[in-house]
Amino acid sequence: MSLLKIENLSATVGGKKVLNGVSLTLNAGEVHAIMGPNGSGKSTLSYVLAGRPGYEITGGSVQFEGKDLTTLAPEERARAGLFLGFQYPVEIPGVNNVYLLKAAVNARRKALGLTEVDAYEFLQMVRGKMKLMQMDESFLSRGVNEGFSGGEKKRNEILQMLVIEPRLAVLDETDSGLDIDALKVVARGVNSLRSADRGVLLITHYQRLLDHVVPDFVHVLARGRIAKTGDKSLALELEQRGYDWVLEVA
Amino acid sequence: MITMPTNRDENWRYANLRPLARARPEAVDPAASAAAGISLPAAIAGFEHWVFVDGRFARNLSTPSADSCATLLHAREAGQSFDDILDASLATEGVDFALARLNGSRGDEVLHIAPADGATAALELTFVATAAASTGTSYPRVQDHAGRGSRLRIIERHVSEGSLDSNINAAFDVALRADATLDHCRLQNCGEAASIYDTLVAHVGERASYRLRSVVLGGIASRSTQLIRLAGRGARCELTAASIAQGPQAHDTFAEIEHAAPETVTRELYRGIATGRGKLGFNGKMVVAQNAPGADSEQSLKTLLNGPGAEASVRPQLEIYTDRVRAVHGATTGKLDEQMLFYMLSRGLDRREAQALLQWAFIEDAVSRVDCGGLRQEIERLVAAQLQEVSSLDGLLNRP
């Protein structure tokens with residue numbers, strides 16, 4: 001059974017059709033990259049998967065581990081094991097990071113029929129992941145993303161992902177705005193999550209992230225549908241030739 | 001004859017005055033006050049404790065220090081009519097002072113706090129209402145006249161017993177002489193059927209500093225009238241208020257701060273949450289007089305509505321009569337931020353918990369400024385309970 005199966009998915013945002021028949025199958029253990037020009041529907045796809053209000057599915061289906069994802073509320077999708085790494089993580093002053101992390105972990109554990117995480121073990125685990133992400137421990141007691149730089153916010157998204165340990169991570173342009181050192185740190189984080197029972201959907205504009213997180217498949221999203229699929233070499237080709245030739249073929 | 005305010009008076013438009021009109025105006029008969037079994041909040045360490053039941057000092061529940069700067073005045077013992085010991089500023093005519101004058105004419109005890117020049121003191125004042133409105137009104141009254149360079153901390157709490165519809169009319173007047181500092185934290189946590197009205201008048205002298213932090217959580221009706229005059233050069237006022245009104249609660253504040261001397265400074269911050277059918281009003285008026293050049297005034301008033309029947313009115317008002325002034329003010333009324341809510345939901349948080357957290361985050365801005373002893377921790381627990389997710393918010397309060 002595939003981890004994620006999208007079939008002929010169409011969706012509108014504010015009445016405007018943005019996704020126009022997307023089909024994609026992602027199996028456990030795989031990393032798929034989705035590339036595409038601005039406005040092709042990449043972020044819309046990530047929001048539709050996460051259940052953001054205002055993103056309306058008008059056709060097709062999405063199965064997550066064999067279950068209809070579209071009937072679930074956003075929080076139910078998260079508890080089922082879907083994680084969205086935001087392109088623009090929102091700042092939430094007054095709610096500290098460690099609280100959100102713990103609440104998120106416990107929500108997922110509860111869904112899995114597990115008891116709440118032990119406070120000491122939890123902190124030890126988070127500290128280990130923070131070290132991997134080269135984040136200072138002071139981030140824990142700060143408001144969620146409050147006053148973080150763009151790069152810090154992206155690291156924090158990956159930290160959340162590592163702590164929550166989802167089955168499927170959808171990372172929306174997690175590499176944008178990162179310098180090369182931060183990019184390597186983020187890539188290290190993503191790679192550390194890779195395993196035979198998990199999947200990653202990487203949405204990116206640029207090939208450079210894929211040097212560090214090597215995908216099994218690369219898809220080009222154009223005009224709201226998958227216009228071309230290939231392996232890592234497709235990303236290199238796009239880097240050299242741009243998207244126009246794919247659009248012409250599509 | 002005292003002319004009482006009505007909702008037709010500009011500064012009283014959002015106040016719930018119905019319980020006041022229904023209550024018996026006579027002071028509660030001491031015989032009708034609960035004599036025993038009163039549940040008091042835990043005392044805050046480092047403060048001397050003064051407890052008042054239905055407006056009257058309860059010696060058996062209090063632990064004032066032997067050399068306290070506070071004394072209890074009785075109108076008759078003082079040998080003068082009660083009106084005479086009203087602070088001069090309170091004697092001003094006008095409907096905004098009507099409730100203070102009623103307090104003066106009906107109440108019979110005043111706590112007079114007067115730290116000497118350069119002295120320091122810390123007092124926790126707990127006012128417990130135990131009588132139903134049909135038996136009378138509580139009239140707590142405090143005067144704080146702080147000497148030059150004195151440092152005073154006051155915690156003022158208002159609670160009421162059980163589900164009684166107690167009616168409270170409190171008056172607090174403050175006079176700070178040059179270089180004096182008053183840190184004043186108030187917590188109104190009366191029962192859900194109680195109604196509480198208070199009038200606070202402050203006169204802040206040269207380089208003196210008055211910090212008032214108020215948290216209003218209880219009562220079916222709560223109205224606070226605050227009239228603060230920055231009278232001396234370099235006087236400073238920091239006014240922070242937080243309020244949560246839910247169900248049928250109506251919380252209303254009118255705060256007028258007058259810059260009456262050069263280089264005076266105001267920082268005013270209000271955060272209010274109305275849920276269910278809760279109603280909030282905050283009318284913040286800043287007046288900069290002609291003889292107050294160099295005045296510096298900041299005002300930030302925000303309310304959050306969570307519920308189809310919730311209402312809020314925030315009104316920043318500026319009256320400036322001099323050119324050399326810095327005045328910044330902002331006021332917003334909004335709903336929970338959808339992006340923040342979705343972010344938390346996408347992390348698996350329950351919708352109700354996520355909403356409570358966002359409300360917490362909103363009001364924490366004001367609550368975090370309450371810095372009188374251990375009161376802040378207590379307030380945070382109460383706020384968390386009010387937001388209905390106390391178990392899950394517990395972790396948030398225990399910062400690593």
# chains A, B, ... in the order shown; residues from 1 in each chain; ligands from 1

$ select_by_dssp --residues "range 6-96 of chain A" --states "strand (DSSP E)" --output "VMD selection string"
chain A and resid 6 to 13 16 to 26 31 to 35 55 to 64 67 to 68 82 to 85 92 to 96

$ residues_around --residues "Leu168 in chain A" --least-positions-apart "4" --cutoff "8 Å" --atoms "only C-alpha atoms" --output "PyMOL selection string"
chain A and resi 3+81-83+198-201

$ write_last_selection --atoms "all heavy atoms" --output "mmCIF file, in the first residue's frame"
data_model
loop_
_atom_site.group_PDB
_atom_site.id
_atom_site.type_symbol
_atom_site.label_atom_id
_atom_site.label_comp_id
_atom_site.auth_asym_id
_atom_site.auth_seq_id
_atom_site.Cartn_x
_atom_site.Cartn_y
_atom_site.Cartn_z
ATOM 1 N N LEU A 3 2.035 5.147 0.642
ATOM 2 C CA LEU A 3 1.865 6.071 1.764
ATOM 3 C C LEU A 3 0.892 7.190 1.365
ATOM 4 O O LEU A 3 -0.014 7.550 2.108
ATOM 5 C CB LEU A 3 3.245 6.649 2.130
ATOM 6 C CG LEU A 3 3.407 7.370 3.444
ATOM 7 C CD1 LEU A 3 2.999 6.489 4.606
ATOM 8 C CD2 LEU A 3 4.865 7.812 3.612
ATOM 9 N N GLY A 81 -0.206 11.497 11.073
ATOM 10 C CA GLY A 81 1.189 11.359 10.668
ATOM 11 C C GLY A 81 1.615 12.228 9.503
ATOM 12 O O GLY A 81 2.678 12.031 8.920
ATOM 13 N N LEU A 82 0.784 13.215 9.160
ATOM 14 C CA LEU A 82 1.161 14.137 8.077
ATOM 15 C C LEU A 82 1.738 15.417 8.692
ATOM 16 O O LEU A 82 1.153 15.986 9.610
ATOM 17 C CB LEU A 82 -0.075 14.490 7.240
ATOM 18 C CG LEU A 82 0.176 15.460 6.086
ATOM 19 C CD1 LEU A 82 0.742 14.720 4.879
ATOM 20 C CD2 LEU A 82 -1.113 16.163 5.676
ATOM 21 N N PHE A 83 2.870 15.849 8.182
ATOM 22 C CA PHE A 83 3.494 17.072 8.704
ATOM 23 C C PHE A 83 3.700 18.043 7.551
ATOM 24 O O PHE A 83 4.206 17.667 6.496
ATOM 25 C CB PHE A 83 4.846 16.743 9.343
ATOM 26 C CG PHE A 83 5.607 17.958 9.824
ATOM 27 C CD1 PHE A 83 5.408 18.450 11.110
ATOM 28 C CD2 PHE A 83 6.508 18.619 8.990
ATOM 29 C CE1 PHE A 83 6.101 19.573 11.550
ATOM 30 C CE2 PHE A 83 7.195 19.747 9.429
ATOM 31 C CZ PHE A 83 6.990 20.214 10.708
ATOM 32 N N ARG A 198 8.918 5.878 6.201
ATOM 33 C CA ARG A 198 8.501 7.287 6.094
ATOM 34 C C ARG A 198 8.689 7.790 4.668
ATOM 35 O O ARG A 198 9.470 7.243 3.904
ATOM 36 C CB ARG A 198 9.355 8.165 7.021
ATOM 37 C CG ARG A 198 9.161 7.854 8.475
ATOM 38 C CD ARG A 198 9.562 9.046 9.325
ATOM 39 N NE ARG A 198 9.256 8.731 10.706
ATOM 40 C CZ ARG A 198 10.150 8.263 11.573
ATOM 41 N NH1 ARG A 198 11.396 8.099 11.212
ATOM 42 N NH2 ARG A 198 9.789 7.976 12.808
ATOM 43 N N GLY A 199 7.990 8.896 4.396
ATOM 44 C CA GLY A 199 8.152 9.515 3.099
ATOM 45 C C GLY A 199 8.318 11.015 3.227
ATOM 46 O O GLY A 199 7.929 11.607 4.240
ATOM 47 N N VAL A 200 8.933 11.615 2.206
ATOM 48 C CA VAL A 200 9.135 13.068 2.209
ATOM 49 C C VAL A 200 8.718 13.617 0.849
ATOM 50 O O VAL A 200 9.094 13.055 -0.189
ATOM 51 C CB VAL A 200 10.615 13.432 2.489
ATOM 52 C CG1 VAL A 200 10.807 14.955 2.442
ATOM 53 C CG2 VAL A 200 11.082 12.884 3.824
ATOM 54 N N LEU A 201 7.916 14.687 0.899
ATOM 55 C CA LEU A 201 7.562 15.396 -0.328
ATOM 56 C C LEU A 201 8.210 16.772 -0.232
ATOM 57 O O LEU A 201 7.796 17.591 0.587
ATOM 58 C CB LEU A 201 6.028 15.511 -0.426
ATOM 59 C CG LEU A 201 5.439 15.981 -1.739
ATOM 60 C CD1 LEU A 201 5.788 15.034 -2.880
ATOM 61 C CD2 LEU A 201 3.912 16.082 -1.614
#

$ atom_distance --atom1 "CA of Gly219 in chain B" --atom2 "CA of Thr275 in chain B"
14.5 Å

$ residues_around --residues "Ala36 in chain B" --least-positions-apart "2" --cutoff "12 Å" --atoms "only C-alpha atoms" --output "list in words"
Ala31, Ala32, Ser33, Ala34, Ile38, Ser39, Leu40, Val53, Ala58, Asn60, Leu61, Thr130 and Glu161 of chain B

$ closest_residue --among "A:Leu209, A:Phe148, A:Leu100, A:Leu193" --to "Ala354 in chain B" --atoms "only C-alpha atoms"
A:Leu100

$ decode --residues "range 285-298 of chain B" --atoms "all heavy atoms" --output "PDB file, in the first residue's frame"
ATOM      1  N   LYS B 285      -8.474  57.763  27.759  1.00  0.00           N
ATOM      2  CA  LYS B 285      -8.385  59.178  27.376  1.00  0.00           C
ATOM      3  C   LYS B 285      -7.064  59.761  27.865  1.00  0.00           C
ATOM      4  O   LYS B 285      -6.719  59.614  29.043  1.00  0.00           O
ATOM      5  CB  LYS B 285      -9.559  59.935  27.993  1.00  0.00           C
ATOM      6  CG  LYS B 285      -9.658  61.386  27.568  1.00  0.00           C
ATOM      7  CD  LYS B 285     -10.944  61.981  28.131  1.00  0.00           C
ATOM      8  CE  LYS B 285     -11.065  63.457  27.807  1.00  0.00           C
ATOM      9  NZ  LYS B 285     -12.293  64.033  28.374  1.00  0.00           N
ATOM     10  N   MET B 286      -6.342  60.378  26.971  1.00  0.00           N
ATOM     11  CA  MET B 286      -5.082  61.032  27.316  1.00  0.00           C
ATOM     12  C   MET B 286      -5.250  62.532  27.075  1.00  0.00           C
ATOM     13  O   MET B 286      -5.632  62.934  25.978  1.00  0.00           O
ATOM     14  CB  MET B 286      -3.948  60.550  26.401  1.00  0.00           C
ATOM     15  CG  MET B 286      -3.653  59.082  26.507  1.00  0.00           C
ATOM     16  SD  MET B 286      -2.630  58.764  27.943  1.00  0.00           S
ATOM     17  CE  MET B 286      -2.422  56.995  27.753  1.00  0.00           C
ATOM     18  N   VAL B 287      -4.936  63.289  28.066  1.00  0.00           N
ATOM     19  CA  VAL B 287      -5.014  64.740  27.918  1.00  0.00           C
ATOM     20  C   VAL B 287      -3.623  65.305  28.155  1.00  0.00           C
ATOM     21  O   VAL B 287      -2.996  65.012  29.178  1.00  0.00           O
ATOM     22  CB  VAL B 287      -6.007  65.350  28.935  1.00  0.00           C
ATOM     23  CG1 VAL B 287      -6.076  66.864  28.762  1.00  0.00           C
ATOM     24  CG2 VAL B 287      -7.387  64.727  28.775  1.00  0.00           C
ATOM     25  N   VAL B 288      -3.127  66.077  27.201  1.00  0.00           N
ATOM     26  CA  VAL B 288      -1.830  66.737  27.390  1.00  0.00           C
ATOM     27  C   VAL B 288      -2.103  68.234  27.488  1.00  0.00           C
ATOM     28  O   VAL B 288      -2.516  68.871  26.510  1.00  0.00           O
ATOM     29  CB  VAL B 288      -0.855  66.429  26.235  1.00  0.00           C
ATOM     30  CG1 VAL B 288       0.491  67.099  26.482  1.00  0.00           C
ATOM     31  CG2 VAL B 288      -0.670  64.917  26.080  1.00  0.00           C
ATOM     32  N   ALA B 289      -1.871  68.759  28.663  1.00  0.00           N
ATOM     33  CA  ALA B 289      -2.207  70.161  28.908  1.00  0.00           C
ATOM     34  C   ALA B 289      -1.196  71.093  28.237  1.00  0.00           C
ATOM     35  O   ALA B 289      -0.098  70.685  27.854  1.00  0.00           O
ATOM     36  CB  ALA B 289      -2.247  70.416  30.420  1.00  0.00           C
ATOM     37  N   GLN B 290      -1.589  72.345  28.144  1.00  0.00           N
ATOM     38  CA  GLN B 290      -0.733  73.339  27.495  1.00  0.00           C
ATOM     39  C   GLN B 290       0.613  73.479  28.213  1.00  0.00           C
ATOM     40  O   GLN B 290       1.635  73.739  27.600  1.00  0.00           O
ATOM     41  CB  GLN B 290      -1.469  74.680  27.492  1.00  0.00           C
ATOM     42  CG  GLN B 290      -0.900  75.670  26.505  1.00  0.00           C
ATOM     43  CD  GLN B 290      -1.801  76.889  26.365  1.00  0.00           C
ATOM     44  OE1 GLN B 290      -2.725  77.079  27.166  1.00  0.00           O
ATOM     45  NE2 GLN B 290      -1.553  77.704  25.371  1.00  0.00           N
ATOM     46  N   ASN B 291       0.597  73.297  29.507  1.00  0.00           N
ATOM     47  CA  ASN B 291       1.828  73.461  30.288  1.00  0.00           C
ATOM     48  C   ASN B 291       2.576  72.135  30.483  1.00  0.00           C
ATOM     49  O   ASN B 291       3.259  71.942  31.473  1.00  0.00           O
ATOM     50  CB  ASN B 291       1.514  74.069  31.662  1.00  0.00           C
ATOM     51  CG  ASN B 291       0.554  73.195  32.447  1.00  0.00           C
ATOM     52  OD1 ASN B 291      -0.084  72.316  31.872  1.00  0.00           O
ATOM     53  ND2 ASN B 291       0.461  73.423  33.735  1.00  0.00           N
ATOM     54  N   ALA B 292       2.404  71.211  29.508  1.00  0.00           N
ATOM     55  CA  ALA B 292       3.075  69.911  29.617  1.00  0.00           C
ATOM     56  C   ALA B 292       3.938  69.626  28.378  1.00  0.00           C
ATOM     57  O   ALA B 292       3.824  68.573  27.762  1.00  0.00           O
ATOM     58  CB  ALA B 292       2.050  68.803  29.820  1.00  0.00           C
ATOM     59  N   PRO B 293       4.824  70.562  27.995  1.00  0.00           N
ATOM     60  CA  PRO B 293       5.673  70.277  26.840  1.00  0.00           C
ATOM     61  C   PRO B 293       6.601  69.106  27.148  1.00  0.00           C
ATOM     62  O   PRO B 293       6.966  68.882  28.292  1.00  0.00           O
ATOM     63  CB  PRO B 293       6.474  71.575  26.654  1.00  0.00           C
ATOM     64  CG  PRO B 293       6.477  72.220  27.992  1.00  0.00           C
ATOM     65  CD  PRO B 293       5.163  71.849  28.620  1.00  0.00           C
ATOM     66  N   GLY B 294       6.953  68.364  26.097  1.00  0.00           N
ATOM     67  CA  GLY B 294       7.836  67.215  26.287  1.00  0.00           C
ATOM     68  C   GLY B 294       7.117  65.996  26.816  1.00  0.00           C
ATOM     69  O   GLY B 294       7.753  65.012  27.184  1.00  0.00           O
ATOM     70  N   ALA B 295       5.796  66.040  26.831  1.00  0.00           N
ATOM     71  CA  ALA B 295       5.035  64.865  27.290  1.00  0.00           C
ATOM     72  C   ALA B 295       5.233  63.724  26.291  1.00  0.00           C
ATOM     73  O   ALA B 295       5.386  63.939  25.094  1.00  0.00           O
ATOM     74  CB  ALA B 295       3.559  65.213  27.410  1.00  0.00           C
ATOM     75  N   ASP B 296       5.234  62.525  26.832  1.00  0.00           N
ATOM     76  CA  ASP B 296       5.499  61.331  26.021  1.00  0.00           C
ATOM     77  C   ASP B 296       4.440  60.289  26.376  1.00  0.00           C
ATOM     78  O   ASP B 296       4.392  59.802  27.500  1.00  0.00           O
ATOM     79  CB  ASP B 296       6.908  60.826  26.361  1.00  0.00           C
ATOM     80  CG  ASP B 296       7.280  59.572  25.592  1.00  0.00           C
ATOM     81  OD1 ASP B 296       6.410  59.016  24.918  1.00  0.00           O
ATOM     82  OD2 ASP B 296       8.446  59.149  25.684  1.00  0.00           O
ATOM     83  N   SER B 297       3.596  59.975  25.413  1.00  0.00           N
ATOM     84  CA  SER B 297       2.447  59.127  25.721  1.00  0.00           C
ATOM     85  C   SER B 297       2.311  57.988  24.717  1.00  0.00           C
ATOM     86  O   SER B 297       2.317  58.219  23.508  1.00  0.00           O
ATOM     87  CB  SER B 297       1.183  60.001  25.695  1.00  0.00           C
ATOM     88  OG  SER B 297       0.043  59.199  25.657  1.00  0.00           O
ATOM     89  N   GLU B 298       2.235  56.781  25.217  1.00  0.00           N
ATOM     90  CA  GLU B 298       2.016  55.625  24.342  1.00  0.00           C
ATOM     91  C   GLU B 298       0.796  54.856  24.831  1.00  0.00           C
ATOM     92  O   GLU B 298       0.645  54.630  26.022  1.00  0.00           O
ATOM     93  CB  GLU B 298       3.222  54.677  24.348  1.00  0.00           C
ATOM     94  CG  GLU B 298       4.422  55.205  23.615  1.00  0.00           C
ATOM     95  CD  GLU B 298       5.592  54.227  23.612  1.00  0.00           C
ATOM     96  OE1 GLU B 298       5.394  53.051  23.977  1.00  0.00           O
ATOM     97  OE2 GLU B 298       6.698  54.662  23.268  1.00  0.00           O
TER      98      GLU B 298
END
